[in-house]
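**Q** Sharing protein36.pdb here; it has PDB, C-alpha atoms.
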```pdb
MODEL        1
ATOM      1  CA  LYS R   7       3.220 -13.266 -21.532  1.00  0.00           C
ATOM      2  CA  ALA R   8       3.200  -9.796 -23.030  1.00  0.00           C
ATOM      3  CA  GLY R   9       2.239  -6.938 -20.755  1.00  0.00           C
ATOM      4  CA  VAL R  10      -0.137  -4.065 -21.357  1.00  0.00           C
ATOM      5  CA  THR R  11       0.940  -2.033 -24.366  1.00  0.00           C
ATOM      6  CA  GLN R  12       0.047   1.531 -25.212  1.00  0.00           C
ATOM      7  CA  THR R  13       0.534   3.508 -28.395  1.00  0.00           C
ATOM      8  CA  PRO R  14       1.800   6.016 -29.127  1.00  0.00           C
ATOM      9  CA  ARG R  15       4.222   6.597 -26.288  1.00  0.00           C
ATOM     10  CA  TYR R  16       4.509  10.330 -26.906  1.00  0.00           C
ATOM     11  CA  LEU R  17       2.218  12.851 -28.559  1.00  0.00           C
ATOM     12  CA  ILE R  18       2.398  16.580 -29.121  1.00  0.00           C
ATOM     13  CA  LYS R  19      -0.789  18.346 -30.128  1.00  0.00           C
ATOM     14  CA  THR R  20      -2.080  21.904 -30.205  1.00  0.00           C
ATOM     15  CA  ARG R  21      -5.134  23.314 -28.498  1.00  0.00           C
ATOM     16  CA  GLY R  22      -8.401  22.493 -30.237  1.00  0.00           C
ATOM     17  CA  GLN R  23      -7.133  19.312 -31.879  1.00  0.00           C
ATOM     18  CA  GLN R  24      -8.310  15.855 -30.986  1.00  0.00           C
ATOM     19  CA  VAL R  25      -6.306  12.770 -30.121  1.00  0.00           C
ATOM     20  CA  THR R  26      -6.824   9.007 -29.959  1.00  0.00           C
ATOM     21  CA  LEU R  27      -4.800   6.762 -27.662  1.00  0.00           C
ATOM     22  CA  SER R  28      -4.697   2.995 -27.886  1.00  0.00           C
ATOM     23  CA  CYS R  29      -4.301   0.255 -25.287  1.00  0.00           C
ATOM     24  CA  SER R  30      -3.856  -3.497 -25.750  1.00  0.00           C
ATOM     25  CA  PRO R  31      -4.489  -5.442 -22.535  1.00  0.00           C
ATOM     26  CA  ILE R  32      -2.789  -8.603 -21.367  1.00  0.00           C
ATOM     27  CA  SER R  33      -4.129 -11.613 -23.234  1.00  0.00           C
ATOM     28  CA  GLY R  34      -7.215 -12.959 -21.471  1.00  0.00           C
ATOM     29  CA  HIS R  35      -7.942  -9.736 -19.613  1.00  0.00           C
ATOM     30  CA  ARG R  36     -11.399  -8.391 -20.356  1.00  0.00           C
ATOM     31  CA  SER R  37     -11.358  -5.238 -18.235  1.00  0.00           C
ATOM     32  CA  VAL R  38      -9.521  -2.113 -19.365  1.00  0.00           C
ATOM     33  CA  SER R  39      -9.368   1.109 -17.350  1.00  0.00           C
ATOM     34  CA  TRP R  40      -7.892   4.491 -18.181  1.00  0.00           C
ATOM     35  CA  TYR R  41      -6.239   6.953 -15.782  1.00  0.00           C
ATOM     36  CA  GLN R  42      -4.840  10.437 -16.120  1.00  0.00           C
ATOM     37  CA  GLN R  43      -1.742  11.368 -14.143  1.00  0.00           C
ATOM     38  CA  THR R  44      -0.688  14.975 -13.580  1.00  0.00           C
ATOM     39  CA  PRO R  45       1.714  16.479 -11.018  1.00  0.00           C
ATOM     40  CA  GLY R  46      -1.066  18.501  -9.413  1.00  0.00           C
ATOM     41  CA  GLN R  47      -3.944  16.005  -9.328  1.00  0.00           C
ATOM     42  CA  GLY R  48      -2.080  12.711  -9.170  1.00  0.00           C
ATOM     43  CA  LEU R  49      -3.754   9.650 -10.662  1.00  0.00           C
ATOM     44  CA  GLN R  50      -7.401  10.064 -11.551  1.00  0.00           C
ATOM     45  CA  PHE R  51      -9.785   7.474 -12.967  1.00  0.00           C
ATOM     46  CA  LEU R  52     -11.264   8.195 -16.391  1.00  0.00           C
ATOM     47  CA  PHE R  53     -13.349   5.107 -17.258  1.00  0.00           C
ATOM     48  CA  GLU R  54     -13.490   1.320 -17.265  1.00  0.00           C
ATOM     49  CA  TYR R  55     -14.609  -0.992 -20.032  1.00  0.00           C
ATOM     50  CA  PHE R  56     -15.566  -4.629 -19.689  1.00  0.00           C
ATOM     51  CA  SER R  57     -16.727  -6.766 -22.609  1.00  0.00           C
ATOM     52  CA  GLU R  58     -17.131  -3.693 -24.818  1.00  0.00           C
ATOM     53  CA  THR R  59     -19.355  -1.887 -22.293  1.00  0.00           C
ATOM     54  CA  GLN R  60     -18.443   1.142 -20.225  1.00  0.00           C
ATOM     55  CA  ARG R  61     -18.885   0.005 -16.670  1.00  0.00           C
ATOM     56  CA  ASN R  62     -17.710   3.012 -14.720  1.00  0.00           C
ATOM     57  CA  LYS R  63     -16.859   6.624 -15.456  1.00  0.00           C
ATOM     58  CA  GLY R  64     -14.870   9.229 -13.575  1.00  0.00           C
ATOM     59  CA  ASN R  65     -15.507  12.950 -13.237  1.00  0.00           C
ATOM     60  CA  PHE R  66     -14.170  14.155 -16.547  1.00  0.00           C
ATOM     61  CA  PRO R  67     -15.929  16.268 -19.171  1.00  0.00           C
ATOM     62  CA  GLY R  68     -17.605  14.715 -22.168  1.00  0.00           C
ATOM     63  CA  ARG R  69     -14.593  15.599 -24.312  1.00  0.00           C
ATOM     64  CA  PHE R  70     -13.056  12.426 -22.910  1.00  0.00           C
ATOM     65  CA  SER R  71     -14.530   9.279 -24.396  1.00  0.00           C
ATOM     66  CA  GLY R  72     -13.519   5.711 -24.953  1.00  0.00           C
ATOM     67  CA  ARG R  73     -14.487   2.408 -26.413  1.00  0.00           C
ATOM     68  CA  GLN R  74     -13.508  -1.225 -26.291  1.00  0.00           C
ATOM     69  CA  PHE R  75     -13.382  -3.672 -29.145  1.00  0.00           C
ATOM     70  CA  SER R  76     -14.322  -7.347 -29.224  1.00  0.00           C
ATOM     71  CA  ASN R  77     -10.657  -8.328 -28.791  1.00  0.00           C
ATOM     72  CA  SER R  78     -10.575  -6.226 -25.559  1.00  0.00           C
ATOM     73  CA  ARG R  79      -8.309  -3.574 -27.075  1.00  0.00           C
ATOM     74  CA  SER R  80      -9.409  -0.111 -26.036  1.00  0.00           C
ATOM     75  CA  GLU R  81      -9.101   3.407 -27.321  1.00  0.00           C
ATOM     76  CA  MET R  82      -9.676   6.712 -25.639  1.00  0.00           C
ATOM     77  CA  ASN R  83     -10.358   9.927 -27.455  1.00  0.00           C
ATOM     78  CA  VAL R  84      -9.985  13.496 -26.286  1.00  0.00           C
ATOM     79  CA  SER R  85     -11.606  16.147 -28.429  1.00  0.00           C
ATOM     80  CA  THR R  86     -11.000  19.905 -28.436  1.00  0.00           C
ATOM     81  CA  LEU R  87      -7.755  19.599 -26.504  1.00  0.00           C
ATOM     82  CA  GLU R  88      -6.960  22.096 -23.764  1.00  0.00           C
ATOM     83  CA  LEU R  89      -3.598  22.947 -22.223  1.00  0.00           C
ATOM     84  CA  GLY R  90      -4.729  21.246 -19.007  1.00  0.00           C
ATOM     85  CA  ASP R  91      -5.081  17.920 -20.812  1.00  0.00           C
ATOM     86  CA  SER R  92      -1.297  17.606 -20.885  1.00  0.00           C
ATOM     87  CA  ALA R  93      -0.650  14.497 -18.799  1.00  0.00           C
ATOM     88  CA  LEU R  94       0.515  10.918 -18.703  1.00  0.00           C
ATOM     89  CA  TYR R  95      -2.393   8.683 -19.731  1.00  0.00           C
ATOM     90  CA  LEU R  96      -2.203   5.201 -18.295  1.00  0.00           C
ATOM     91  CA  CYS R  97      -4.145   2.121 -19.214  1.00  0.00           C
ATOM     92  CA  ALA R  98      -4.643  -0.842 -16.892  1.00  0.00           C
ATOM     93  CA  SER R  99      -6.050  -4.292 -17.475  1.00  0.00           C
ATOM     94  CA  LYS R 100      -7.297  -7.076 -15.234  1.00  0.00           C
ATOM     95  CA  LYS R 101      -8.859 -10.455 -15.729  1.00  0.00           C
ATOM     96  CA  GLY R 102     -11.974  -9.796 -13.667  1.00  0.00           C
ATOM     97  CA  ASP R 103     -13.339  -8.178 -10.546  1.00  0.00           C
ATOM     98  CA  ASN R 104     -11.075  -8.159  -7.479  1.00  0.00           C
ATOM     99  CA  ASN R 105      -8.105  -9.176  -9.590  1.00  0.00           C
ATOM    100  CA  GLU R 106      -4.708  -7.512  -9.712  1.00  0.00           C
ATOM    101  CA  GLN R 107      -4.500  -4.614 -12.141  1.00  0.00           C
ATOM    102  CA  PHE R 108      -1.544  -4.238 -14.484  1.00  0.00           C
ATOM    103  CA  PHE R 109      -0.531  -0.970 -16.060  1.00  0.00           C
ATOM    104  CA  GLY R 110       1.002  -0.109 -19.383  1.00  0.00           C
ATOM    105  CA  PRO R 111       3.912   2.321 -19.879  1.00  0.00           C
ATOM    106  CA  GLY R 112       1.579   5.221 -20.614  1.00  0.00           C
ATOM    107  CA  THR R 113       1.186   7.822 -23.343  1.00  0.00           C
ATOM    108  CA  ARG R 114       2.719  11.210 -22.604  1.00  0.00           C
ATOM    109  CA  LEU R 115       0.454  13.861 -24.154  1.00  0.00           C
ATOM    110  CA  THR R 116       1.664  17.436 -24.452  1.00  0.00           C
ATOM    111  CA  VAL R 117      -0.794  20.102 -25.560  1.00  0.00           C
ATOM    112  CA  LEU R 118       0.743  23.342 -26.845  1.00  0.00           C
TER     113      LEU R 118
ATOM    114  CA  LYS T   7     -16.209   9.642  -0.684  1.00  0.00           C
ATOM    115  CA  GLN T   8     -13.111   7.460  -0.403  1.00  0.00           C
ATOM    116  CA  GLU T   9      -9.837   9.307   0.177  1.00  0.00           C
ATOM    117  CA  VAL T  10      -6.392   7.739   0.323  1.00  0.00           C
ATOM    118  CA  THR T  11      -3.470   9.385   2.091  1.00  0.00           C
ATOM    119  CA  GLN T  12       0.189   8.411   2.066  1.00  0.00           C
ATOM    120  CA  ILE T  13       2.679   9.652   4.629  1.00  0.00           C
ATOM    121  CA  PRO T  14       5.435  10.694   4.311  1.00  0.00           C
ATOM    122  CA  ALA T  15       5.430  12.329   0.888  1.00  0.00           C
ATOM    123  CA  ALA T  16       9.171  11.744   0.601  1.00  0.00           C
ATOM    124  CA  LEU T  17      11.697   9.585   2.413  1.00  0.00           C
ATOM    125  CA  SER T  18      15.452   9.277   2.163  1.00  0.00           C
ATOM    126  CA  VAL T  19      17.288   6.377   3.799  1.00  0.00           C
ATOM    127  CA  PRO T  20      20.777   4.842   3.621  1.00  0.00           C
ATOM    128  CA  GLU T  21      21.182   1.539   1.842  1.00  0.00           C
ATOM    129  CA  GLY T  22      20.485  -1.509   3.984  1.00  0.00           C
ATOM    130  CA  GLU T  23      17.809   0.059   6.191  1.00  0.00           C
ATOM    131  CA  ASN T  24      14.435  -1.550   6.744  1.00  0.00           C
ATOM    132  CA  LEU T  25      11.622   0.901   6.164  1.00  0.00           C
ATOM    133  CA  VAL T  26       7.860   1.259   6.354  1.00  0.00           C
ATOM    134  CA  LEU T  27       5.586   3.221   4.053  1.00  0.00           C
ATOM    135  CA  ASN T  28       2.125   4.146   5.280  1.00  0.00           C
ATOM    136  CA  CYS T  29      -1.232   4.328   3.553  1.00  0.00           C
ATOM    137  CA  SER T  30      -4.577   5.254   5.086  1.00  0.00           C
ATOM    138  CA  PHE T  31      -8.073   5.294   3.621  1.00  0.00           C
ATOM    139  CA  THR T  32     -11.268   6.845   4.919  1.00  0.00           C
ATOM    140  CA  ASP T  33     -13.871   4.211   3.966  1.00  0.00           C
ATOM    141  CA  SER T  34     -13.220   0.692   5.231  1.00  0.00           C
ATOM    142  CA  ALA T  35     -15.631  -0.830   2.682  1.00  0.00           C
ATOM    143  CA  ILE T  36     -12.941  -1.874   0.219  1.00  0.00           C
ATOM    144  CA  TYR T  37     -12.602  -4.940  -1.995  1.00  0.00           C
ATOM    145  CA  ASN T  38      -8.831  -4.879  -2.148  1.00  0.00           C
ATOM    146  CA  LEU T  39      -5.738  -2.718  -1.832  1.00  0.00           C
ATOM    147  CA  GLN T  40      -2.814  -2.703  -4.224  1.00  0.00           C
ATOM    148  CA  TRP T  41       0.711  -1.318  -3.881  1.00  0.00           C
ATOM    149  CA  PHE T  42       2.598  -0.056  -6.925  1.00  0.00           C
ATOM    150  CA  ARG T  43       5.960   1.470  -7.681  1.00  0.00           C
ATOM    151  CA  GLN T  44       6.542   4.055 -10.357  1.00  0.00           C
ATOM    152  CA  ASP T  45       9.908   5.035 -11.771  1.00  0.00           C
ATOM    153  CA  PRO T  46      10.209   8.579 -13.182  1.00  0.00           C
ATOM    154  CA  GLY T  47       8.273   8.976 -16.421  1.00  0.00           C
ATOM    155  CA  LYS T  48       7.226   5.333 -16.472  1.00  0.00           C
ATOM    156  CA  GLY T  49       4.079   3.336 -15.887  1.00  0.00           C
ATOM    157  CA  LEU T  50       3.090   1.615 -12.662  1.00  0.00           C
ATOM    158  CA  THR T  51       4.498  -1.737 -11.624  1.00  0.00           C
ATOM    159  CA  SER T  52       2.268  -3.836  -9.398  1.00  0.00           C
ATOM    160  CA  LEU T  53       3.994  -4.974  -6.202  1.00  0.00           C
ATOM    161  CA  LEU T  54       1.345  -6.597  -4.044  1.00  0.00           C
ATOM    162  CA  LEU T  55      -2.411  -7.067  -3.989  1.00  0.00           C
ATOM    163  CA  ILE T  56      -4.215  -7.649  -0.688  1.00  0.00           C
ATOM    164  CA  GLN T  57      -7.812  -8.776  -0.761  1.00  0.00           C
ATOM    165  CA  SER T  58     -10.145  -7.348   1.887  1.00  0.00           C
ATOM    166  CA  SER T  59     -10.254 -10.718   3.667  1.00  0.00           C
ATOM    167  CA  GLN T  60      -6.456 -10.906   3.973  1.00  0.00           C
ATOM    168  CA  ARG T  61      -4.185  -9.398   6.605  1.00  0.00           C
ATOM    169  CA  GLU T  62      -0.897  -9.423   4.721  1.00  0.00           C
ATOM    170  CA  GLN T  63       0.944 -10.421   1.568  1.00  0.00           C
ATOM    171  CA  THR T  64       4.632 -11.016   0.992  1.00  0.00           C
ATOM    172  CA  SER T  65       6.826 -10.937  -2.085  1.00  0.00           C
ATOM    173  CA  GLY T  66      10.570 -11.204  -1.645  1.00  0.00           C
ATOM    174  CA  ARG T  67      11.779  -8.288   0.505  1.00  0.00           C
ATOM    175  CA  LEU T  68       8.330  -6.701   0.491  1.00  0.00           C
ATOM    176  CA  ASN T  69       5.550  -7.261   3.007  1.00  0.00           C
ATOM    177  CA  ALA T  70       2.233  -5.449   2.925  1.00  0.00           C
ATOM    178  CA  SER T  71      -0.298  -5.484   5.724  1.00  0.00           C
ATOM    179  CA  LEU T  72      -3.923  -4.449   5.779  1.00  0.00           C
ATOM    180  CA  ASP T  73      -6.085  -3.385   8.724  1.00  0.00           C
ATOM    181  CA  LYS T  74      -9.488  -2.637   7.254  1.00  0.00           C
ATOM    182  CA  SER T  75     -11.113  -1.624  10.516  1.00  0.00           C
ATOM    183  CA  SER T  76      -8.601   1.155  11.112  1.00  0.00           C
ATOM    184  CA  GLY T  77      -8.311   2.038   7.419  1.00  0.00           C
ATOM    185  CA  ARG T  78      -4.568   1.446   7.240  1.00  0.00           C
ATOM    186  CA  SER T  79      -2.016  -0.425   5.211  1.00  0.00           C
ATOM    187  CA  THR T  80       1.762  -0.537   5.482  1.00  0.00           C
ATOM    188  CA  LEU T  81       4.421  -1.602   3.013  1.00  0.00           C
ATOM    189  CA  TYR T  82       7.551  -2.938   4.673  1.00  0.00           C
ATOM    190  CA  ILE T  83      10.754  -3.030   2.619  1.00  0.00           C
ATOM    191  CA  ALA T  84      13.583  -5.056   4.107  1.00  0.00           C
ATOM    192  CA  ALA T  85      17.268  -4.348   3.494  1.00  0.00           C
ATOM    193  CA  SER T  86      16.643  -1.444   1.123  1.00  0.00           C
ATOM    194  CA  GLN T  87      18.778  -1.048  -2.008  1.00  0.00           C
ATOM    195  CA  PRO T  88      19.432   1.920  -4.338  1.00  0.00           C
ATOM    196  CA  GLY T  89      17.324   0.132  -6.970  1.00  0.00           C
ATOM    197  CA  ASP T  90      14.323   0.499  -4.658  1.00  0.00           C
ATOM    198  CA  SER T  91      14.380   4.259  -5.279  1.00  0.00           C
ATOM    199  CA  ALA T  92      11.025   5.146  -6.850  1.00  0.00           C
ATOM    200  CA  THR T  93       7.607   6.523  -5.975  1.00  0.00           C
ATOM    201  CA  TYR T  94       5.401   4.048  -4.131  1.00  0.00           C
ATOM    202  CA  LEU T  95       1.661   4.318  -4.552  1.00  0.00           C
ATOM    203  CA  CYS T  96      -1.151   2.591  -2.758  1.00  0.00           C
ATOM    204  CA  ALA T  97      -4.630   2.311  -4.208  1.00  0.00           C
ATOM    205  CA  VAL T  98      -7.923   0.861  -3.043  1.00  0.00           C
ATOM    206  CA  VAL T  99     -10.866  -0.586  -4.910  1.00  0.00           C
ATOM    207  CA  GLY T 100     -14.042   0.281  -3.065  1.00  0.00           C
ATOM    208  CA  ASN T 101     -17.736  -0.113  -3.608  1.00  0.00           C
ATOM    209  CA  GLN T 102     -17.738   2.523  -6.362  1.00  0.00           C
ATOM    210  CA  GLY T 103     -16.997  -0.010  -9.041  1.00  0.00           C
ATOM    211  CA  GLY T 104     -13.643  -1.399 -10.085  1.00  0.00           C
ATOM    212  CA  LYS T 105     -11.745   1.866 -10.169  1.00  0.00           C
ATOM    213  CA  LEU T 106      -8.548   2.319  -8.225  1.00  0.00           C
ATOM    214  CA  ILE T 107      -8.439   5.313  -5.890  1.00  0.00           C
ATOM    215  CA  PHE T 108      -4.847   6.363  -5.404  1.00  0.00           C
ATOM    216  CA  GLY T 109      -2.882   8.117  -2.740  1.00  0.00           C
ATOM    217  CA  GLN T 110      -0.399  10.820  -3.734  1.00  0.00           C
ATOM    218  CA  GLY T 111       2.531   8.477  -3.267  1.00  0.00           C
ATOM    219  CA  THR T 112       5.729   8.358  -1.228  1.00  0.00           C
ATOM    220  CA  GLU T 113       8.922   9.231  -3.090  1.00  0.00           C
ATOM    221  CA  LEU T 114      11.652   6.951  -1.745  1.00  0.00           C
ATOM    222  CA  SER T 115      15.351   7.585  -2.199  1.00  0.00           C
ATOM    223  CA  VAL T 116      17.836   4.949  -1.038  1.00  0.00           C
ATOM    224  CA  LYS T 117      21.383   6.339  -0.830  1.00  0.00           C
ATOM    225  CA  PRO T 118      24.390   4.040  -1.453  1.00  0.00           C
TER     226      PRO T 118
ENDMDL
END
```
Now, as a test, write the supplied structure out as structure tokens.
**A**
Amino acid sequence: KAGVTQTPRYLIKTRGQQVTLSCSPISGHRSVSWYQQTPGQGLQFLFEYFSETQRNKGNFPGRFSGRQFSNSRSEMNVSTLELGDSALYLCASKKGDNNEQFFGPGTRLTVL
Amino acid sequence: KQEVTQIPAALSVPEGENLVLNCSFTDSAIYNLQWFRQDPGKGLTSLLLIQSSQREQTSGRLNASLDKSSGRSTLYIAASQPGDSATYLCAVVGNQGGKLIFGQGTELSVKP
């Protein structure tokens, strides 16, 4: 069974640009969550989608947005990039509530 | 607000030692607790999931315990090997939706 996949694996952008990251969950998993990992703040929750609906949202500015498609694939978008957005962005999927969460390899975003 | 703490932040042991990693959380109203390992620059690998009704879970050389009332979990690694070197993270799912709240991790180094 294929794991969680994320594309692209690496991205370099400049301040003010926008970026879209993609996540394909494990087959049969309907919940997709996004996390940001930085050396200073550790792992922080961005948002969770379940059956195309945002179910939960972390404390990030509105520049961070996401969506989920009918096949459970998810995208997150960051507009007007700032230097502080440089991070490893991780996607996780699970079958349902209280189930084990599985993470993808992440997308390393560098903002110059 | 749920907070998760992991002590120590770093640990170095000789190969073959048994060791214990600690995780504490401030709000005992959790649905489950999950342990992960992360290799440098990589995503998270799920090790063990403990539901709130369980006391422990075992997988190979790993054993995780959960004491909800005291807000503590431990990850026991038996007969450590150099390949166990990684950062170990614990995370809880509480009553704030399905998001994982992470500790800062314990960086483990197992010396040959």
**Q** Kindly resolve the ChimeraX specification (/R :<7) & /T on the present coordinates and return the residues as a list of chain:residue names.
**A** T:Tyr37, T:Asn38, T:Lys48, T:Gly49, T:Leu50, T:Thr51, T:Ser52, T:Leu55, T:Gly103, T:Gly104, T:Lys105, T:Phe108, T:Gln110
**Q** Tell me which of T:Leu95, T:Val19, T:Leu39, T:Leu27 sits closest to Gly77 of chain T, counting all atoms listed in the file.
**A**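 Residue with the minimum atom-to-atom distance to Gly77 of chain T: T:Leu39.
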**Q** Got a sec: who's within 12 Å of segment 87-92 of chain T, counting all atoms listed in the file, leaving out chain neighbours fewer than 4 positions off, as a ChimeraX atom specification?
**A** /T:15-25,42-51,53,67-68,83,111-118
**Q** May I ask which of the residues R:Ser33, R:Ser99, R:Thr116, R:Gln60 is the closest one to Tyr16 of chain R, counting all atoms listed in the file?
**A**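 Residue with the minimum atom-to-atom distance to Tyr16 of chain R: R:Thr116.
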**Q** On this structure, which residues satisfy the PyMOL selection byres ((chain R and resi 83) around 7), written as number ranges by chain?
**A** R: 25-27, 70-72, 81-82, 84-85
**Q** Once 3 Å is added on each side, what are the centre and the three edge lengths, in Å to one decimal, of the axis-aligned box enclosing the listed atoms of segment 27-45 of chain R? Present them as JSON.
**A**
```
{"center_x": -4.8, "center_y": 1.8, "center_z": -19.5, "size_x": 19.1, "size_y": 35.4, "size_z": 22.9}
```
**Q** Quick one: segment 37-50 of chain T from the block, N, CA and C atoms, as a compact mmCIF listing (two decimals), in the first residue's frame.
**A**
```
# COMPACT_ATOMS: atom_id res chain seq x y z
N TYR T 37 -7.68 11.85 23.45
CA TYR T 37 -8.27 10.71 22.77
C TYR T 37 -7.22 9.62 22.55
N ASN T 38 -6.02 10.05 22.17
CA ASN T 38 -4.94 9.10 22.00
C ASN T 38 -3.59 9.81 22.03
N LEU T 39 -2.55 9.02 22.07
CA LEU T 39 -1.18 9.54 22.07
C LEU T 39 -0.39 8.71 21.07
N GLN T 40 0.43 9.38 20.29
CA GLN T 40 1.18 8.69 19.25
C GLN T 40 2.66 9.04 19.38
N TRP T 41 3.52 8.05 19.21
CA TRP T 41 4.96 8.25 19.18
C TRP T 41 5.45 8.15 17.74
N PHE T 42 6.36 9.05 17.39
CA PHE T 42 6.94 9.08 16.05
C PHE T 42 8.46 9.14 16.16
N ARG T 43 9.13 8.75 15.09
CA ARG T 43 10.55 9.05 14.95
C ARG T 43 10.73 9.86 13.67
N GLN T 44 11.73 10.72 13.72
CA GLN T 44 12.04 11.55 12.56
C GLN T 44 13.54 11.53 12.32
N ASP T 45 13.93 11.10 11.14
CA ASP T 45 15.33 11.16 10.74
C ASP T 45 15.58 12.54 10.14
N PRO T 46 16.83 13.01 10.20
CA PRO T 46 17.14 14.39 9.76
C PRO T 46 16.61 14.69 8.36
N GLY T 47 15.84 15.77 8.25
CA GLY T 47 15.34 16.21 6.96
C GLY T 47 14.22 15.36 6.38
N LYS T 48 13.72 14.41 7.15
CA LYS T 48 12.70 13.51 6.62
C LYS T 48 11.35 13.75 7.31
N GLY T 49 10.36 12.99 6.83
CA GLY T 49 9.05 13.06 7.46
C GLY T 49 9.02 12.25 8.74
N LEU T 50 7.83 12.13 9.32
CA LEU T 50 7.66 11.40 10.57
C LEU T 50 7.22 9.97 10.29
```
